[in-house]
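**Q** Pasting a structure here, questions to come.
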Amino acid sequence: WPDYWIQNGTEMKPATSLPLTAADFHPAEAIVETWHDWDMEFSLTDGNKRMWVTMAHGMPFTWVEMENLQPVIRVEGGRVVNASGNDLLNIQQAATQQLSQLAIELTGLDDTGAQHTALYGIYLPPATQVSASDGVLHIQFSRGKQYVVVALLNTYADLQHFASYAYNVPRSTTVSWDYNASAGLLNTHWDIHAERLNGSGNAACLQGFLPHHRRDGAAAAFDFTSYAYNTPHGRLLMAEGTTFDISYRFSGMLPYYAMPTDTTAQQHGFDRQR
């Protein structure tokens, strides 16, 4: 959860991290299985035990689908809370609940020693048993699909708000475009094919867009939600849907550059004939 700027202001880093592992699971490597225009899927395999991880640029979720695994989340020094910020489980004492969603609040230090608190959302299949002891969450699936979805939350209430998007895993992402030269207008069409992990029906996604998608003549044919994230490239504003269209003003480029003055055979010499 990148949430603070390094001192020279050029990069954001996380003060916390959320380790998601599994008991007796030792994959030798991570293998990229497939990728599309802005999503990527990779697998981790150990015998008949497997994790399939999906990530996409601009989406505040990581989807981890599993086979024959009982996942473990380490939350030492943190809290397990609900959408109101109230404790769900005492992670230091043996406790078990049947949960489909929870939030984990973690605190860490930045490079200067300042303290930061980050909130992670966890989304699980129905009737999942979650037990806590000694700062570790043990997740036991009951039946059907096995998965853990991790979200980056700005507020406690986001845990509930994000539930309508968290279970929709992108299976492919594509961008297409067309250019109207006479109008000087470039139109881009963004398309997400998503699958619902917890049923059927609308699989709307929460997709983020950087400032260049909405300023300097860019016009988005959709509305942005109130959800946003800081990035080194500016505010990432979130939109809801599976298709997005953006138009850009573009009047063309010069067809050539001026001839270089260096025509000698030095490091970057220029050969007129070539």
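Identifiers for the structure tokens are assigned positionally: chains receive A, B, ... in sequence, residues are indexed from 1 per chain, and ligands are indexed from 1 in the order shown.
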So which bits of segment 33-188 of chain A end up strand (DSSP E or B) when you DSSP the backbone, as a ChimeraX atom specification?

**A** /A:33-35,39-46,49-56,61-67,71-74,79-81,87-89,95-109,115-133,136-140,147-153,168-180,185-188

**Q** At a cut-off of 7 Å, using only C-alpha atoms, what residues contact Gln129 of chain A? Leave out same-chain residues fewer than 3 positions from it and give the result as an mmCIF file with C-alpha atoms, in the first residue's frame.

**A**
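Below is the file that was written, around33.cif:
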data_model
loop_
_atom_site.group_PDB
_atom_site.id
_atom_site.type_symbol
_atom_site.label_atom_id
_atom_site.label_comp_id
_atom_site.auth_asym_id
_atom_site.auth_seq_id
_atom_site.Cartn_x
_atom_site.Cartn_y
_atom_site.Cartn_z
ATOM 1 C CA THR A 96 -12.906 -18.126 14.955
ATOM 2 C CA GLN A 97 -15.621 -16.529 12.843
ATOM 3 C CA GLN A 98 -17.372 -17.246 9.571
ATOM 4 C CA LEU A 99 -16.556 -14.243 7.384
ATOM 5 C CA ILE A 139 -8.354 -19.119 6.382
ATOM 6 C CA GLN A 140 -10.248 -22.345 5.810
ATOM 7 C CA PHE A 141 -12.498 -22.592 2.767
#

**Q** Which of these, A:Leu124, A:Ala163, A:Val130, A:Met40, has the shortest distance to Ala203 of chain A once you count only C-alpha atoms?

**A**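 Of the candidates, the smallest distance to Ala203 of chain A is held by A:Ala163.
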
**Q** Please compute the atom CA of Asn68 of chain A-atom CA of Arg50 of chain A distance, one decimal, in Å.

**A** 7.0 Å

**Q** Could you work out how far atom CA of Leu210 of chain A lies from atom CA of Phe224 of chain A, giving the answer in Å with one decimal?

**A**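 Computing it gives 11.5 Å between the two atoms.
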
**Q** Counting only C-alpha atoms, which of A:Glu76, A:Asp37, A:Asp191, A:Asp216 gets nearest to Gly135 of chain A?

**A**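 With only C-alpha atoms as the atom set, the closest residue is A:Glu76.
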
**Q** I'd like to know which of A:Thr243, A:Thr54, A:Ser43, A:Gln92 is closest to Val150 of chain A, using only C-alpha atoms.

**A**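 Smallest distance to Val150 of chain A is found for A:Thr54.
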
**Q** Of the candidates A:Asp87, A:Asp110, A:Glu65, A:Glu240, which one gets nearest to Ala15 of chain A if we count only C-alpha atoms?

**A**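 The shortest atom-to-atom distance to Ala15 of chain A comes from A:Asp110.
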
**Q** With only C-alpha atoms as the counted atoms, please give the residues lying no more than 8 Å from Asn168 of chain A, apart from itself and same-chain residues fewer than 5 positions off, as a list of chain:residue names.

**A**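 That gives A:Ala194, A:Glu195, A:Arg196, A:Leu197, A:Ala203, A:Ala204, A:Cys205.
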
**Q** Just give me the gap between atom CA of Ala103 of chain A and atom CA of Tyr120 of chain A in Å, one decimal is fine.

**A**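 Atom CA of Tyr120 of chain A lies 5.5 Å from atom CA of Ala103 of chain A.
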
**Q** I need the alpha helix (DSSP H) residues of segment 3-242 of chain A per DSSP on the backbone, written as a PyMOL selection string.

**A** chain A and resi 158-161+163-166

**Q** Find the residues around Ser172 of chain A up to 8 Å (only C-alpha atoms counted), leave out those fewer than 6 positions away in its own chain, and share them as a compact mmCIF listing (two decimals) with all heavy atoms, in the first residue's frame.

**A**
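Final output, out00.txt:
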# COMPACT_ATOMS: atom_id res chain seq x y z
N TRP A 35 -1.04 -12.37 -20.33
CA TRP A 35 -1.16 -10.94 -20.06
C TRP A 35 -1.91 -10.30 -21.20
O TRP A 35 -2.00 -10.84 -22.31
CB TRP A 35 0.22 -10.30 -19.86
CG TRP A 35 1.12 -10.41 -21.05
CD1 TRP A 35 1.22 -9.55 -22.10
CD2 TRP A 35 2.04 -11.47 -21.33
NE1 TRP A 35 2.15 -9.99 -23.02
CE2 TRP A 35 2.66 -11.18 -22.56
CE3 TRP A 35 2.38 -12.64 -20.66
CZ2 TRP A 35 3.61 -12.02 -23.13
CZ3 TRP A 35 3.33 -13.46 -21.24
CH2 TRP A 35 3.94 -13.15 -22.44
N HIS A 36 -2.47 -9.12 -20.91
CA HIS A 36 -3.23 -8.38 -21.91
C HIS A 36 -2.78 -6.92 -21.84
O HIS A 36 -1.69 -6.64 -21.36
CB HIS A 36 -4.72 -8.56 -21.66
CG HIS A 36 -5.13 -10.00 -21.57
ND1 HIS A 36 -5.23 -10.65 -20.35
CD2 HIS A 36 -5.40 -10.92 -22.52
CE1 HIS A 36 -5.57 -11.92 -20.56
NE2 HIS A 36 -5.68 -12.12 -21.86
N ASP A 37 -3.61 -6.00 -22.30
CA ASP A 37 -3.13 -4.63 -22.45
C ASP A 37 -2.76 -3.97 -21.12
O ASP A 37 -1.83 -3.18 -21.06
CB ASP A 37 -4.16 -3.78 -23.19
CG ASP A 37 -4.13 -4.06 -24.68
OD1 ASP A 37 -3.26 -4.83 -25.11
OD2 ASP A 37 -4.97 -3.51 -25.42
N ASP A 39 -3.44 -5.93 -17.84
CA ASP A 39 -3.52 -6.90 -16.74
C ASP A 39 -2.51 -8.01 -16.98
O ASP A 39 -2.00 -8.18 -18.09
CB ASP A 39 -4.93 -7.48 -16.61
CG ASP A 39 -5.25 -8.45 -17.73
OD1 ASP A 39 -5.63 -8.00 -18.83
OD2 ASP A 39 -5.12 -9.66 -17.51
N ILE A 192 -12.88 -4.15 -20.60
CA ILE A 192 -12.50 -5.16 -19.60
C ILE A 192 -13.49 -6.32 -19.68
O ILE A 192 -14.71 -6.11 -19.64
CB ILE A 192 -12.54 -4.58 -18.17
CG1 ILE A 192 -11.65 -3.35 -18.04
CG2 ILE A 192 -12.15 -5.65 -17.15
CD1 ILE A 192 -11.85 -2.58 -16.75
N HIS A 193 -12.97 -7.52 -19.83
CA HIS A 193 -13.81 -8.72 -19.71
C HIS A 193 -13.53 -9.30 -18.32
O HIS A 193 -12.40 -9.71 -18.02
CB HIS A 193 -13.49 -9.75 -20.78
CG HIS A 193 -14.18 -11.07 -20.57
ND1 HIS A 193 -15.55 -11.22 -20.65
CD2 HIS A 193 -13.68 -12.28 -20.21
CE1 HIS A 193 -15.86 -12.47 -20.38
NE2 HIS A 193 -14.76 -13.14 -20.12
N ALA A 194 -14.54 -9.31 -17.46
CA ALA A 194 -14.37 -9.75 -16.08
C ALA A 194 -15.30 -10.91 -15.76
O ALA A 194 -16.37 -11.06 -16.36
CB ALA A 194 -14.62 -8.60 -15.12

**Q** Have a look at A:Phe61, A:Tyr156, A:Phe25, A:Tyr167 and name the one nearest to Gln207 of chain A; count only C-alpha atoms.

**A**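 Checking each of A:Phe61, A:Tyr156, A:Phe25, A:Tyr167 against Gln207 of chain A, counting only C-alpha atoms, the winner is A:Phe61.
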
**Q** Mind checking which residues fall within 8 Å of Asp46 of chain A, counting only C-alpha atoms, ignoring those fewer than 2 positions away in the same chain, and posting them as a PDB file with all heavy atoms, in the first residue's frame?

**A**
ATOM      1  N   PHE A  25       3.529 -24.653   1.689  1.00  0.00           N
ATOM      2  CA  PHE A  25       3.476 -24.275   0.275  1.00  0.00           C
ATOM      3  C   PHE A  25       4.805 -23.640  -0.085  1.00  0.00           C
ATOM      4  O   PHE A  25       5.153 -22.576   0.439  1.00  0.00           O
ATOM      5  CB  PHE A  25       2.314 -23.309   0.044  1.00  0.00           C
ATOM      6  CG  PHE A  25       2.137 -22.878  -1.388  1.00  0.00           C
ATOM      7  CD1 PHE A  25       1.989 -23.800  -2.412  1.00  0.00           C
ATOM      8  CD2 PHE A  25       2.105 -21.527  -1.708  1.00  0.00           C
ATOM      9  CE1 PHE A  25       1.808 -23.390  -3.724  1.00  0.00           C
ATOM     10  CE2 PHE A  25       1.927 -21.107  -3.013  1.00  0.00           C
ATOM     11  CZ  PHE A  25       1.775 -22.041  -4.027  1.00  0.00           C
ATOM     12  N   HIS A  26       5.567 -24.292  -0.975  1.00  0.00           N
ATOM     13  CA  HIS A  26       6.916 -23.837  -1.297  1.00  0.00           C
ATOM     14  C   HIS A  26       7.136 -23.839  -2.812  1.00  0.00           C
ATOM     15  O   HIS A  26       7.903 -24.664  -3.331  1.00  0.00           O
ATOM     16  CB  HIS A  26       7.955 -24.711  -0.601  1.00  0.00           C
ATOM     17  CG  HIS A  26       7.719 -24.857   0.869  1.00  0.00           C
ATOM     18  ND1 HIS A  26       7.965 -23.847   1.767  1.00  0.00           N
ATOM     19  CD2 HIS A  26       7.213 -25.899   1.589  1.00  0.00           C
ATOM     20  CE1 HIS A  26       7.651 -24.250   2.989  1.00  0.00           C
ATOM     21  NE2 HIS A  26       7.189 -25.490   2.911  1.00  0.00           N
ATOM     22  N   PRO A  27       6.501 -22.945  -3.555  1.00  0.00           N
ATOM     23  CA  PRO A  27       6.711 -22.898  -5.004  1.00  0.00           C
ATOM     24  C   PRO A  27       8.127 -22.453  -5.329  1.00  0.00           C
ATOM     25  O   PRO A  27       8.706 -21.610  -4.647  1.00  0.00           O
ATOM     26  CB  PRO A  27       5.687 -21.874  -5.474  1.00  0.00           C
ATOM     27  CG  PRO A  27       5.461 -20.999  -4.284  1.00  0.00           C
ATOM     28  CD  PRO A  27       5.591 -21.891  -3.080  1.00  0.00           C
ATOM     29  N   ALA A  28       8.697 -23.037  -6.381  1.00  0.00           N
ATOM     30  CA  ALA A  28      10.073 -22.717  -6.757  1.00  0.00           C
ATOM     31  C   ALA A  28      10.162 -21.410  -7.523  1.00  0.00           C
ATOM     32  O   ALA A  28      11.209 -20.756  -7.529  1.00  0.00           O
ATOM     33  CB  ALA A  28      10.659 -23.854  -7.592  1.00  0.00           C
ATOM     34  N   LEU A  44       1.850 -19.776  -9.125  1.00  0.00           N
ATOM     35  CA  LEU A  44       2.828 -20.345  -8.187  1.00  0.00           C
ATOM     36  C   LEU A  44       2.360 -21.763  -7.890  1.00  0.00           C
ATOM     37  O   LEU A  44       1.219 -21.961  -7.469  1.00  0.00           O
ATOM     38  CB  LEU A  44       2.880 -19.524  -6.900  1.00  0.00           C
ATOM     39  CG  LEU A  44       3.223 -18.040  -7.068  1.00  0.00           C
ATOM     40  CD1 LEU A  44       2.353 -17.177  -6.178  1.00  0.00           C
ATOM     41  CD2 LEU A  44       4.683 -17.810  -6.749  1.00  0.00           C
ATOM     42  N   ASN A  48       0.409 -30.410  -6.193  1.00  0.00           N
ATOM     43  CA  ASN A  48      -0.981 -30.153  -6.564  1.00  0.00           C
ATOM     44  C   ASN A  48      -1.523 -28.881  -5.920  1.00  0.00           C
ATOM     45  O   ASN A  48      -2.726 -28.599  -5.996  1.00  0.00           O
ATOM     46  CB  ASN A  48      -1.864 -31.342  -6.192  1.00  0.00           C
ATOM     47  CG  ASN A  48      -2.004 -31.508  -4.686  1.00  0.00           C
ATOM     48  OD1 ASN A  48      -1.208 -30.966  -3.908  1.00  0.00           O
ATOM     49  ND2 ASN A  48      -3.004 -32.267  -4.275  1.00  0.00           N
ATOM     50  N   LYS A  49      -0.645 -28.109  -5.292  1.00  0.00           N
ATOM     51  CA  LYS A  49      -1.046 -26.858  -4.651  1.00  0.00           C
ATOM     52  C   LYS A  49      -0.696 -25.696  -5.586  1.00  0.00           C
ATOM     53  O   LYS A  49       0.406 -25.655  -6.149  1.00  0.00           O
ATOM     54  CB  LYS A  49      -0.333 -26.690  -3.314  1.00  0.00           C
ATOM     55  CG  LYS A  49      -0.622 -27.812  -2.333  1.00  0.00           C
ATOM     56  CD  LYS A  49       0.209 -27.681  -1.079  1.00  0.00           C
ATOM     57  CE  LYS A  49      -0.029 -28.834  -0.127  1.00  0.00           C
ATOM     58  NZ  LYS A  49       0.818 -28.727   1.092  1.00  0.00           N
ATOM     59  N   ARG A  50      -1.625 -24.763  -5.725  1.00  0.00           N
ATOM     60  CA  ARG A  50      -1.416 -23.726  -6.726  1.00  0.00           C
ATOM     61  C   ARG A  50      -2.082 -22.414  -6.333  1.00  0.00           C
ATOM     62  O   ARG A  50      -3.178 -22.411  -5.771  1.00  0.00           O
ATOM     63  CB  ARG A  50      -1.978 -24.197  -8.069  1.00  0.00           C
ATOM     64  CG  ARG A  50      -1.714 -23.296  -9.261  1.00  0.00           C
ATOM     65  CD  ARG A  50      -2.111 -24.015 -10.524  1.00  0.00           C
ATOM     66  NE  ARG A  50      -1.796 -23.263 -11.735  1.00  0.00           N
ATOM     67  CZ  ARG A  50      -2.683 -22.597 -12.455  1.00  0.00           C
ATOM     68  NH1 ARG A  50      -3.944 -22.572 -12.070  1.00  0.00           N
ATOM     69  NH2 ARG A  50      -2.332 -21.949 -13.541  1.00  0.00           N
TER      70      ARG A  50
END

**Q** Just want the 9 Å neighbourhood of Met55 of chain A, counted on only C-alpha atoms, with same-chain residues fewer than 6 positions away dropped. Output as a PyMOL selection string.

**A** chain A and resi 38-42+61-63+169-170

**Q** Could you dump the residues just selected with N, CA, C and O atoms as a JSON list (two decimals), in the first residue's frame?

**A**
[["chain", "number", "residue", "atom", "x", "y", "z"],
["A", 38, "TRP", "N", -3.49, -4.26, -20.04],
["A", 38, "TRP", "CA", -3.04, -3.70, -18.76],
["A", 38, "TRP", "C", -3.31, -4.63, -17.57],
["A", 38, "TRP", "O", -3.35, -4.21, -16.43],
["A", 39, "ASP", "N", -3.44, -5.93, -17.84],
["A", 39, "ASP", "CA", -3.52, -6.90, -16.74],
["A", 39, "ASP", "C", -2.51, -8.01, -16.98],
["A", 39, "ASP", "O", -2.00, -8.18, -18.09],
["A", 40, "MET", "N", -2.23, -8.76, -15.92],
["A", 40, "MET", "CA", -1.24, -9.84, -16.01],
["A", 40, "MET", "C", -1.62, -10.92, -14.99],
["A", 40, "MET", "O", -2.10, -10.61, -13.89],
["A", 41, "GLU", "N", -1.42, -12.20, -15.38],
["A", 41, "GLU", "CA", -1.72, -13.31, -14.50],
["A", 41, "GLU", "C", -0.48, -14.20, -14.38],
["A", 41, "GLU", "O", 0.15, -14.51, -15.39],
["A", 42, "PHE", "N", -0.15, -14.59, -13.16],
["A", 42, "PHE", "CA", 0.97, -15.51, -12.96],
["A", 42, "PHE", "C", 0.58, -16.59, -11.96],
["A", 42, "PHE", "O", -0.35, -16.42, -11.18],
["A", 61, "PHE", "N", -7.09, -3.83, -6.50],
["A", 61, "PHE", "CA", -7.28, -5.19, -6.01],
["A", 61, "PHE", "C", -6.16, -6.11, -6.51],
["A", 61, "PHE", "O", -5.58, -5.88, -7.58],
["A", 62, "THR", "N", -5.90, -7.16, -5.74],
["A", 62, "THR", "CA", -5.09, -8.30, -6.19],
["A", 62, "THR", "C", -5.94, -9.54, -5.96],
["A", 62, "THR", "O", -6.42, -9.77, -4.83],
["A", 63, "TRP", "N", -6.13, -10.31, -7.02],
["A", 63, "TRP", "CA", -6.96, -11.52, -6.93],
["A", 63, "TRP", "C", -6.04, -12.73, -6.84],
["A", 63, "TRP", "O", -5.17, -12.93, -7.70],
["A", 169, "VAL", "N", -13.06, -10.43, -11.25],
["A", 169, "VAL", "CA", -11.64, -10.55, -11.64],
["A", 169, "VAL", "C", -11.52, -10.33, -13.14],
["A", 169, "VAL", "O", -12.24, -10.97, -13.93],
["A", 170, "PRO", "N", -10.64, -9.43, -13.58],
["A", 170, "PRO", "CA", -10.47, -9.22, -15.02],
["A", 170, "PRO", "C", -9.78, -10.42, -15.66],
["A", 170, "PRO", "O", -8.75, -10.88, -15.20]]

**Q** May I ask which of the residues A:Asp223, A:Glu29, A:Glu105, A:Asp271 is the closest one to Asn154 of chain A, counting only C-alpha atoms?

**A**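 Ranked by minimum distance to Asn154 of chain A, first place goes to A:Glu105.
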
**Q** Using only C-alpha atoms, which residues sit within 10 Å of Ile6 of chain A once same-chain residues fewer than 5 positions away are excluded, as a VMD selection string?

**A** chain A and resid 11 to 14 110 to 112
